[in-house]
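*Asks:* Before we start, here is the structure in question, set down as structure tokens.
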Amino acid sequence: MKKYSFIKALLLPVVVLLCATGCETEYKHVSGDTELDVEFDNNITSDEFRLICFNIQNGMWWDQANNYDNFVAWVQKYNPDIMCIQEASTIYKNGTNSSQSYAKRYLPYGYQNYTPSSTLDMEPKGWKELAKRWGHDYVVIGAHQDNFPVVFTSRFPIQRIAQLGGPLLSHGGCHVIINGIHMVGLHTWPQAYAKGDSDTNPSNRTRGNQYRLQEVQDILSRTINSDEYYDEKNWIIMGDFNSKFNEPAILEMQNNSLTDILTYNHNYVSRTGRVDYIFATDNMLRSVVQSVDIQDGFARSEKHEATGFWKYSDHYPLMVDFKIYDEEE
């Protein structure tokens, strides 16, 4: 696999000045009660790559009856090179919160009959078909422990290192290498109580926070903190942490010399209560060109009254552009 070295790129300020050309998509950032209008450069050159991390809520539940046409058009609009997707499985029947049988679920395995415990060697046919529609020929799925696996799609070849599952994790994750960069996608436990608790209505988030901390520690021990990867400096660890910025799982990431790109790139914590993050090591952080949490009206635009689910997702996508150079340049 071709390896790359990284140089420091000029970091954009929180409010980017209007470009003469190429700045065509408008976003809203929210910091506390303050909204900032930001123009985001949507023209990516050949020596950059764009990453989107997105929890698509129940396998993009709202668009499955529409053959995912709206979702595909949205991805094509931003033209990412790599996507890390959480909740990457069909779960419910169209427009309902009634469980769909495994044999009738398009994502991730393309209507193959399965149970989550029997998917280790299954090909994610549904995702391969869907990702091709936005130009990604490579797809890798992480551990499928329940209804919420993690999937990577890419226009570059993907080397899957590990499906991150096991008894210490709830939804699990995936460790891959793309263009010499270690990337880890994860999705931690969402509840205020811990997995397995008999009391599911605690008065605070302490038990859930401790469980999420345990999950993050387990994933870090098997990836960036493993002796096997002692000399590896290029890491991006991302996903739905189900944790706020001052809670134990996020503090653990920071304690391991990992930095949340959106906070670093904009010098603020965007959207009070944000639970989705893209963390990076210093090598990767210096290569960040621009980053944003996309609030363009696609995600969290409207709730479905009958189910309480959001159309199309209950999470805002995160997008980061990186500048890369060939070692020979």
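As shown in the structure tokens, the chain order sets the letters A, B, ...; within each chain, residues go from 1, and ligands are also counted from 1 in the order they appear.
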Which region 227-316 of chain A residues have any atom within 7 Å of an atom of region 55-76 of chain A, and for each, what is the nearest pair of atoms with distance in Å to one decimal, counting only C-alpha atoms, rows sorted by chain and number, as a tab-separated table?
*Replies:*
```
residue	atom	partner	partner_atom	distance
A:Asp240	CA	A:Asn55	CA	6.7
A:Lys311	CA	A:Trp62	CA	5.8
A:Tyr312	CA	A:Trp62	CA	5.4
A:Ser313	CA	A:Gln57	CA	5.1
A:Asp314	CA	A:Gln57	CA	6.3
A:His315	CA	A:Asn55	CA	5.9
```
*Asks:* Which residues are close to Val176 (chain A), i.e. within 10 Å by only C-alpha atoms, leaving aside same-chain residues fewer than 4 positions away? Reply as an MDAnalysis selection string.
*Replies:* chainID A and resid 140:142 152 158:163 180:185
*Asks:* Write the residues you've just listed into a file as a short mmCIF file (atom, residue, chain, number, x, y, z; two decimals), in the first residue's frame, and include all heavy atoms for each of them.
*Replies:*
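This is the output file again-v9.cif:
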```cif
data_model
loop_
_atom_site.label_atom_id
_atom_site.label_comp_id
_atom_site.auth_asym_id
_atom_site.auth_seq_id
_atom_site.Cartn_x
_atom_site.Cartn_y
_atom_site.Cartn_z
N VAL A 140 -15.75 -1.94 3.90
CA VAL A 140 -15.38 -2.86 4.97
C VAL A 140 -16.34 -2.66 6.13
O VAL A 140 -16.66 -1.52 6.50
CB VAL A 140 -13.92 -2.62 5.43
CG1 VAL A 140 -13.68 -3.23 6.80
CG2 VAL A 140 -12.94 -3.20 4.42
N ILE A 141 -16.81 -3.74 6.71
CA ILE A 141 -17.72 -3.68 7.84
C ILE A 141 -17.01 -4.13 9.11
O ILE A 141 -16.15 -5.02 9.07
CB ILE A 141 -18.98 -4.54 7.59
CG1 ILE A 141 -20.02 -4.30 8.69
CG2 ILE A 141 -18.64 -6.02 7.45
CD1 ILE A 141 -21.39 -4.89 8.37
N GLY A 142 -17.35 -3.50 10.22
CA GLY A 142 -16.79 -3.86 11.51
C GLY A 142 -17.59 -4.97 12.16
O GLY A 142 -18.44 -5.61 11.54
N PHE A 152 -16.93 1.30 6.78
CA PHE A 152 -16.10 2.24 6.03
C PHE A 152 -16.38 2.05 4.55
O PHE A 152 -16.40 0.91 4.05
CB PHE A 152 -14.61 2.01 6.28
CG PHE A 152 -14.09 2.60 7.57
CD1 PHE A 152 -14.06 1.85 8.72
CD2 PHE A 152 -13.63 3.90 7.60
CE1 PHE A 152 -13.57 2.38 9.90
CE2 PHE A 152 -13.13 4.45 8.77
CZ PHE A 152 -13.11 3.68 9.93
N ILE A 158 -9.06 -0.43 0.96
CA ILE A 158 -9.12 -0.49 2.42
C ILE A 158 -8.51 -1.81 2.88
O ILE A 158 -8.88 -2.88 2.38
CB ILE A 158 -10.57 -0.41 2.94
CG1 ILE A 158 -11.29 0.83 2.39
CG2 ILE A 158 -10.59 -0.41 4.47
CD1 ILE A 158 -12.77 0.87 2.78
N GLN A 159 -7.60 -1.73 3.83
CA GLN A 159 -7.07 -2.93 4.48
C GLN A 159 -7.74 -3.06 5.84
O GLN A 159 -7.53 -2.22 6.73
CB GLN A 159 -5.56 -2.84 4.65
CG GLN A 159 -4.94 -4.04 5.36
CD GLN A 159 -3.46 -3.86 5.63
OE1 GLN A 159 -2.88 -2.82 5.29
NE2 GLN A 159 -2.85 -4.85 6.25
N ARG A 160 -8.55 -4.08 6.02
CA ARG A 160 -9.19 -4.27 7.32
C ARG A 160 -8.21 -4.95 8.27
O ARG A 160 -7.73 -6.05 8.00
CB ARG A 160 -10.47 -5.10 7.21
CG ARG A 160 -11.25 -5.14 8.53
CD ARG A 160 -12.55 -5.88 8.40
NE ARG A 160 -12.37 -7.32 8.26
CZ ARG A 160 -13.34 -8.18 8.01
NH1 ARG A 160 -14.56 -7.74 7.83
NH2 ARG A 160 -13.09 -9.47 7.88
N ILE A 161 -7.94 -4.31 9.38
CA ILE A 161 -7.03 -4.85 10.38
C ILE A 161 -7.80 -5.67 11.41
O ILE A 161 -7.39 -6.78 11.77
CB ILE A 161 -6.25 -3.73 11.08
CG1 ILE A 161 -5.48 -2.89 10.05
CG2 ILE A 161 -5.30 -4.29 12.12
CD1 ILE A 161 -4.51 -3.68 9.21
N ALA A 162 -8.92 -5.15 11.88
CA ALA A 162 -9.68 -5.86 12.91
C ALA A 162 -11.12 -5.40 12.93
O ALA A 162 -11.42 -4.22 12.80
CB ALA A 162 -9.06 -5.64 14.29
N GLN A 163 -12.03 -6.37 13.07
CA GLN A 163 -13.41 -6.07 13.44
C GLN A 163 -13.42 -5.98 14.96
O GLN A 163 -13.19 -6.97 15.64
CB GLN A 163 -14.35 -7.17 12.98
CG GLN A 163 -14.57 -7.21 11.48
CD GLN A 163 -15.55 -8.31 11.08
OE1 GLN A 163 -15.37 -9.45 11.47
NE2 GLN A 163 -16.56 -7.97 10.32
N GLY A 180 -2.13 4.27 4.13
CA GLY A 180 -1.12 4.35 5.18
C GLY A 180 -1.60 4.97 6.47
O GLY A 180 -0.81 5.10 7.42
N ILE A 181 -2.86 5.35 6.56
CA ILE A 181 -3.41 5.98 7.76
C ILE A 181 -4.26 4.96 8.52
O ILE A 181 -5.15 4.33 7.94
CB ILE A 181 -4.28 7.20 7.39
CG1 ILE A 181 -3.49 8.18 6.54
CG2 ILE A 181 -4.81 7.88 8.65
CD1 ILE A 181 -4.36 9.20 5.84
N HIS A 182 -4.00 4.81 9.80
CA HIS A 182 -4.84 3.98 10.65
C HIS A 182 -6.13 4.75 10.96
O HIS A 182 -6.08 5.88 11.48
CB HIS A 182 -4.13 3.63 11.96
CG HIS A 182 -3.01 2.66 11.79
ND1 HIS A 182 -3.15 1.30 12.01
CD2 HIS A 182 -1.72 2.84 11.42
CE1 HIS A 182 -2.00 0.69 11.79
NE2 HIS A 182 -1.11 1.60 11.42
N MET A 183 -7.26 4.13 10.67
CA MET A 183 -8.56 4.74 10.95
C MET A 183 -9.39 3.77 11.77
O MET A 183 -9.47 2.58 11.44
CB MET A 183 -9.29 5.11 9.66
CG MET A 183 -8.56 6.13 8.82
SD MET A 183 -9.58 6.74 7.44
CE MET A 183 -8.37 7.79 6.62
N VAL A 184 -9.99 4.28 12.82
CA VAL A 184 -10.83 3.47 13.71
C VAL A 184 -12.20 4.12 13.79
O VAL A 184 -12.32 5.32 14.10
CB VAL A 184 -10.22 3.37 15.12
CG1 VAL A 184 -11.13 2.56 16.04
CG2 VAL A 184 -8.82 2.74 15.06
N GLY A 185 -13.23 3.35 13.46
CA GLY A 185 -14.60 3.81 13.63
C GLY A 185 -15.23 3.08 14.80
O GLY A 185 -15.04 1.87 14.95
#
```
*Asks:* Quick one: DSSP helix (DSSP H, G or I) residues in region 115-244 of chain A, as a compact mmCIF listing (two decimals) with N, CA and C atoms, in the first residue's frame?
*Replies:*
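Written file, out_3.txt:
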```txt
# COMPACT_ATOMS: atom_id res chain seq x y z
N PRO A 116 -26.83 -11.36 13.69
CA PRO A 116 -25.58 -10.62 13.94
C PRO A 116 -24.42 -11.49 14.41
N SER A 117 -24.69 -12.57 15.11
CA SER A 117 -23.62 -13.43 15.62
C SER A 117 -23.01 -14.32 14.55
N SER A 118 -23.57 -14.31 13.33
CA SER A 118 -23.09 -15.23 12.28
C SER A 118 -22.55 -14.50 11.06
N LYS A 125 -22.87 -6.91 0.89
CA LYS A 125 -23.29 -6.67 -0.49
C LYS A 125 -24.15 -5.42 -0.64
N GLY A 126 -25.05 -5.21 0.31
CA GLY A 126 -25.90 -4.03 0.23
C GLY A 126 -25.09 -2.74 0.24
N TRP A 127 -24.12 -2.66 1.14
CA TRP A 127 -23.29 -1.47 1.22
C TRP A 127 -22.40 -1.32 -0.01
N LYS A 128 -21.93 -2.43 -0.56
CA LYS A 128 -21.10 -2.32 -1.77
C LYS A 128 -21.90 -1.74 -2.93
N GLU A 129 -23.14 -2.16 -3.05
CA GLU A 129 -23.99 -1.61 -4.10
C GLU A 129 -24.28 -0.14 -3.86
N LEU A 130 -24.60 0.19 -2.61
CA LEU A 130 -24.96 1.57 -2.29
C LEU A 130 -23.77 2.51 -2.45
N ALA A 131 -22.61 2.09 -1.96
CA ALA A 131 -21.43 2.96 -2.01
C ALA A 131 -20.97 3.21 -3.44
N LYS A 132 -21.16 2.24 -4.33
CA LYS A 132 -20.80 2.43 -5.74
C LYS A 132 -21.56 3.59 -6.35
N THR A 206 -23.80 8.34 35.48
CA THR A 206 -22.54 7.80 35.98
C THR A 206 -22.27 6.40 35.45
N ARG A 207 -23.25 5.51 35.54
CA ARG A 207 -23.03 4.13 35.12
C ARG A 207 -22.79 4.05 33.61
N GLY A 208 -23.59 4.77 32.84
CA GLY A 208 -23.39 4.77 31.40
C GLY A 208 -22.05 5.37 31.01
N ASN A 209 -21.66 6.45 31.68
CA ASN A 209 -20.37 7.07 31.40
C ASN A 209 -19.21 6.11 31.68
N GLN A 210 -19.31 5.36 32.77
CA GLN A 210 -18.25 4.41 33.09
C GLN A 210 -18.19 3.29 32.07
N TYR A 211 -19.34 2.87 31.56
CA TYR A 211 -19.34 1.83 30.54
C TYR A 211 -18.71 2.34 29.25
N ARG A 212 -19.04 3.56 28.87
CA ARG A 212 -18.45 4.14 27.66
C ARG A 212 -16.94 4.32 27.82
N LEU A 213 -16.52 4.70 29.00
CA LEU A 213 -15.09 4.81 29.27
C LEU A 213 -14.40 3.46 29.09
N GLN A 214 -15.02 2.40 29.60
CA GLN A 214 -14.48 1.05 29.44
C GLN A 214 -14.36 0.67 27.97
N GLU A 215 -15.36 1.03 27.18
CA GLU A 215 -15.32 0.72 25.74
C GLU A 215 -14.16 1.44 25.05
N VAL A 216 -14.01 2.73 25.35
CA VAL A 216 -12.93 3.50 24.73
C VAL A 216 -11.57 2.95 25.14
N GLN A 217 -11.42 2.62 26.40
CA GLN A 217 -10.15 2.06 26.87
C GLN A 217 -9.83 0.74 26.18
N ASP A 218 -10.84 -0.09 25.98
CA ASP A 218 -10.63 -1.36 25.31
C ASP A 218 -10.19 -1.14 23.86
N ILE A 219 -10.86 -0.24 23.15
CA ILE A 219 -10.52 0.03 21.76
C ILE A 219 -9.13 0.65 21.65
N LEU A 220 -8.79 1.58 22.51
CA LEU A 220 -7.46 2.18 22.47
C LEU A 220 -6.36 1.15 22.75
N SER A 221 -6.64 0.23 23.66
CA SER A 221 -5.63 -0.78 24.00
C SER A 221 -5.36 -1.72 22.83
N ARG A 222 -6.34 -1.89 21.94
CA ARG A 222 -6.21 -2.81 20.81
C ARG A 222 -5.77 -2.10 19.53
N ASP A 227 1.27 -2.44 21.58
CA ASP A 227 2.70 -2.49 21.27
C ASP A 227 2.94 -2.73 19.78
N GLU A 228 2.01 -3.40 19.13
CA GLU A 228 2.14 -3.70 17.70
C GLU A 228 2.22 -2.44 16.86
N TYR A 229 1.62 -1.35 17.35
CA TYR A 229 1.55 -0.12 16.57
C TYR A 229 2.37 1.01 17.21
```
*Asks:* Within 6 Å of Thr259 (chain A), counting only C-alpha atoms, which residues show up once you throw out same-chain ones fewer than 4 positions away? Write them as a list in words, please.
*Replies:* Gln254, Phe279 and Ala280 of chain A
*Asks:* Quick one, how far is CA of His187 (chain A) from CA of Gly273 (chain A)?
*Replies:*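 Going from CA of His187 (chain A) over to CA of Gly273 (chain A) covers 16.5 Å.
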*Asks:* Compare A:Trp235, A:Tyr277, A:Phe156, A:Phe322 by their minimum atom-to-atom distance to Asn179 (chain A), counting only C-alpha atoms, and give me the closest one.
*Replies:*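 Of all the options, A:Phe156 lies closest to Asn179 (chain A).
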*Asks:* How many Å separate CA of Ser154 (chain A) from CA of Tyr138 (chain A)?
*Replies:*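 The value is 5.2 Å.
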*Asks:* Could you pull out all residues of region 41-142 of chain A with a DSSP call of strand (DSSP E) and give them as number ranges by chain?
*Replies:* A: 41, 48-55, 82-86, 138-141
*Asks:* Next, dump the selected residues to file, keeping only all heavy atoms, as a short mmCIF file (atom, residue, chain, number, x, y, z; two decimals), in the first residue's frame.
*Replies:*
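Written file, part-v1.cif:
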```cif
data_model
loop_
_atom_site.label_atom_id
_atom_site.label_comp_id
_atom_site.auth_asym_id
_atom_site.auth_seq_id
_atom_site.Cartn_x
_atom_site.Cartn_y
_atom_site.Cartn_z
N ASP A 41 -15.03 25.49 1.60
CA ASP A 41 -14.49 25.24 0.27
C ASP A 41 -14.80 23.82 -0.16
O ASP A 41 -14.35 22.86 0.45
CB ASP A 41 -12.97 25.47 0.30
CG ASP A 41 -12.36 25.43 -1.09
OD1 ASP A 41 -13.07 25.05 -2.04
OD2 ASP A 41 -11.18 25.79 -1.22
N GLU A 48 -5.44 16.09 -1.78
CA GLU A 48 -6.20 16.16 -0.54
C GLU A 48 -7.17 14.99 -0.47
O GLU A 48 -7.49 14.37 -1.49
CB GLU A 48 -6.97 17.47 -0.45
CG GLU A 48 -6.10 18.71 -0.40
CD GLU A 48 -6.91 19.99 -0.39
OE1 GLU A 48 -8.15 19.92 -0.54
OE2 GLU A 48 -6.31 21.05 -0.23
N PHE A 49 -7.64 14.67 0.73
CA PHE A 49 -8.76 13.74 0.81
C PHE A 49 -9.77 14.26 1.81
O PHE A 49 -9.43 14.96 2.77
CB PHE A 49 -8.31 12.32 1.17
CG PHE A 49 -7.90 12.09 2.59
CD1 PHE A 49 -8.83 11.70 3.56
CD2 PHE A 49 -6.57 12.22 2.98
CE1 PHE A 49 -8.45 11.47 4.86
CE2 PHE A 49 -6.18 11.99 4.28
CZ PHE A 49 -7.12 11.62 5.23
N ARG A 50 -11.02 13.96 1.55
CA ARG A 50 -12.13 14.40 2.37
C ARG A 50 -12.73 13.21 3.10
O ARG A 50 -13.02 12.17 2.51
CB ARG A 50 -13.20 15.08 1.51
CG ARG A 50 -14.49 15.38 2.23
CD ARG A 50 -15.39 16.29 1.42
NE ARG A 50 -14.82 17.64 1.38
CZ ARG A 50 -15.36 18.63 0.67
NH1 ARG A 50 -16.44 18.43 -0.06
NH2 ARG A 50 -14.79 19.82 0.68
N LEU A 51 -12.95 13.37 4.40
CA LEU A 51 -13.50 12.34 5.27
C LEU A 51 -14.82 12.82 5.84
O LEU A 51 -14.91 13.96 6.34
CB LEU A 51 -12.52 12.05 6.41
CG LEU A 51 -13.01 11.20 7.58
CD1 LEU A 51 -13.28 9.77 7.14
CD2 LEU A 51 -11.99 11.23 8.72
N ILE A 52 -15.84 11.98 5.77
CA ILE A 52 -17.12 12.25 6.45
C ILE A 52 -17.38 11.13 7.44
O ILE A 52 -17.26 9.94 7.11
CB ILE A 52 -18.29 12.37 5.44
CG1 ILE A 52 -18.20 13.70 4.68
CG2 ILE A 52 -19.63 12.25 6.16
CD1 ILE A 52 -19.33 13.92 3.68
N CYS A 53 -17.75 11.51 8.65
CA CYS A 53 -18.16 10.57 9.70
C CYS A 53 -19.61 10.88 10.04
O CYS A 53 -19.95 12.02 10.33
CB CYS A 53 -17.26 10.76 10.93
SG CYS A 53 -17.67 9.71 12.34
N PHE A 54 -20.48 9.84 10.00
CA PHE A 54 -21.92 10.12 10.07
C PHE A 54 -22.65 8.92 10.67
O PHE A 54 -22.55 7.81 10.16
CB PHE A 54 -22.43 10.40 8.65
CG PHE A 54 -23.83 10.96 8.55
CD1 PHE A 54 -24.54 11.40 9.64
CD2 PHE A 54 -24.45 11.04 7.30
CE1 PHE A 54 -25.83 11.92 9.53
CE2 PHE A 54 -25.73 11.54 7.15
CZ PHE A 54 -26.42 11.98 8.27
N ASN A 55 -23.38 9.16 11.74
CA ASN A 55 -24.33 8.17 12.27
C ASN A 55 -25.64 8.37 11.50
O ASN A 55 -26.31 9.39 11.66
CB ASN A 55 -24.55 8.38 13.77
CG ASN A 55 -25.53 7.38 14.37
OD1 ASN A 55 -26.48 6.96 13.73
ND2 ASN A 55 -25.31 7.00 15.62
N ILE A 82 -13.62 9.23 1.70
CA ILE A 82 -13.76 8.18 2.70
C ILE A 82 -14.96 8.51 3.57
O ILE A 82 -15.16 9.68 3.95
CB ILE A 82 -12.49 8.06 3.58
CG1 ILE A 82 -11.25 7.78 2.73
CG2 ILE A 82 -12.66 6.99 4.66
CD1 ILE A 82 -9.95 8.01 3.47
N MET A 83 -15.75 7.49 3.90
CA MET A 83 -16.84 7.67 4.84
C MET A 83 -16.73 6.63 5.95
O MET A 83 -16.46 5.45 5.68
CB MET A 83 -18.21 7.54 4.16
CG MET A 83 -18.52 8.67 3.21
SD MET A 83 -20.27 8.64 2.65
CE MET A 83 -21.13 9.16 4.14
N CYS A 84 -16.95 7.08 7.18
CA CYS A 84 -17.09 6.18 8.33
C CYS A 84 -18.52 6.32 8.81
O CYS A 84 -18.94 7.41 9.25
CB CYS A 84 -16.11 6.56 9.43
SG CYS A 84 -16.30 5.58 10.95
N ILE A 85 -19.29 5.25 8.74
CA ILE A 85 -20.73 5.30 8.96
C ILE A 85 -21.10 4.43 10.14
O ILE A 85 -20.71 3.26 10.22
CB ILE A 85 -21.48 4.84 7.69
CG1 ILE A 85 -21.17 5.80 6.54
CG2 ILE A 85 -22.98 4.75 7.94
CD1 ILE A 85 -21.63 5.30 5.19
N GLN A 86 -21.84 5.00 11.07
CA GLN A 86 -22.36 4.24 12.20
C GLN A 86 -23.86 3.96 12.01
O GLN A 86 -24.52 4.65 11.27
CB GLN A 86 -22.14 4.99 13.51
CG GLN A 86 -20.69 5.34 13.80
CD GLN A 86 -20.32 6.72 13.29
OE1 GLN A 86 -20.91 7.73 13.69
NE2 GLN A 86 -19.34 6.78 12.39
N TYR A 138 -14.79 0.45 -2.50
CA TYR A 138 -14.25 -0.36 -1.40
C TYR A 138 -15.11 -0.17 -0.14
O TYR A 138 -15.41 0.97 0.25
CB TYR A 138 -12.80 0.03 -1.12
CG TYR A 138 -11.93 -0.12 -2.34
CD1 TYR A 138 -11.65 0.98 -3.16
CD2 TYR A 138 -11.41 -1.36 -2.70
CE1 TYR A 138 -10.87 0.84 -4.30
CE2 TYR A 138 -10.63 -1.50 -3.84
CZ TYR A 138 -10.36 -0.40 -4.63
OH TYR A 138 -9.59 -0.54 -5.75
N VAL A 139 -15.48 -1.29 0.46
CA VAL A 139 -16.33 -1.28 1.65
C VAL A 139 -15.83 -2.32 2.63
O VAL A 139 -15.51 -3.45 2.25
CB VAL A 139 -17.80 -1.59 1.29
CG1 VAL A 139 -18.66 -1.71 2.56
CG2 VAL A 139 -18.38 -0.52 0.37
N VAL A 140 -15.75 -1.94 3.90
CA VAL A 140 -15.38 -2.86 4.97
C VAL A 140 -16.34 -2.66 6.13
O VAL A 140 -16.66 -1.52 6.50
CB VAL A 140 -13.92 -2.62 5.43
CG1 VAL A 140 -13.68 -3.23 6.80
CG2 VAL A 140 -12.94 -3.20 4.42
N ILE A 141 -16.81 -3.74 6.71
CA ILE A 141 -17.72 -3.68 7.84
C ILE A 141 -17.01 -4.13 9.11
O ILE A 141 -16.15 -5.02 9.07
CB ILE A 141 -18.98 -4.54 7.59
CG1 ILE A 141 -20.02 -4.30 8.69
CG2 ILE A 141 -18.64 -6.02 7.45
CD1 ILE A 141 -21.39 -4.89 8.37
#
```
*Asks:* Grab the CA of Ser226 (chain A) to CA of Glu87 (chain A) distance for me, in Å with one decimal place.
*Replies:*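 Value for the CA of Ser226 (chain A)-CA of Glu87 (chain A) distance: 26.5 Å.
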*Asks:* Considering only C-alpha atoms, can you say which of A:Met284, A:Leu251, A:Leu120, A:Pro317 comes closest to Ala299 (chain A)?
*Replies:*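 With only C-alpha atoms as the atom set, the closest residue is A:Pro317.
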*Asks:* Using only C-alpha atoms, which of A:Tyr106, A:Trp134, A:Tyr78, A:Lys323 sits nearest Tyr92 (chain A)?
*Replies:*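 Of A:Tyr106, A:Trp134, A:Tyr78, A:Lys323, the one nearest Tyr92 (chain A), counting only C-alpha atoms, is A:Tyr106.
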*Asks:* Given only C-alpha atoms as the basis, pick out the residue of A:Ser203, A:Thr188, A:Gln295, A:Gln145 nearest to Thr119 (chain A).
*Replies:*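 Nearest candidate to Thr119 (chain A) out of A:Ser203, A:Thr188, A:Gln295, A:Gln145: A:Gln145.
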*Asks:* Using only C-alpha atoms, pick whichever of A:Ile250, A:Ile294, A:Ile261, A:Ile178 has the shortest atom-to-atom distance to Leu318 (chain A).
*Replies:*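 The closest residue to Leu318 (chain A) is A:Ile294.
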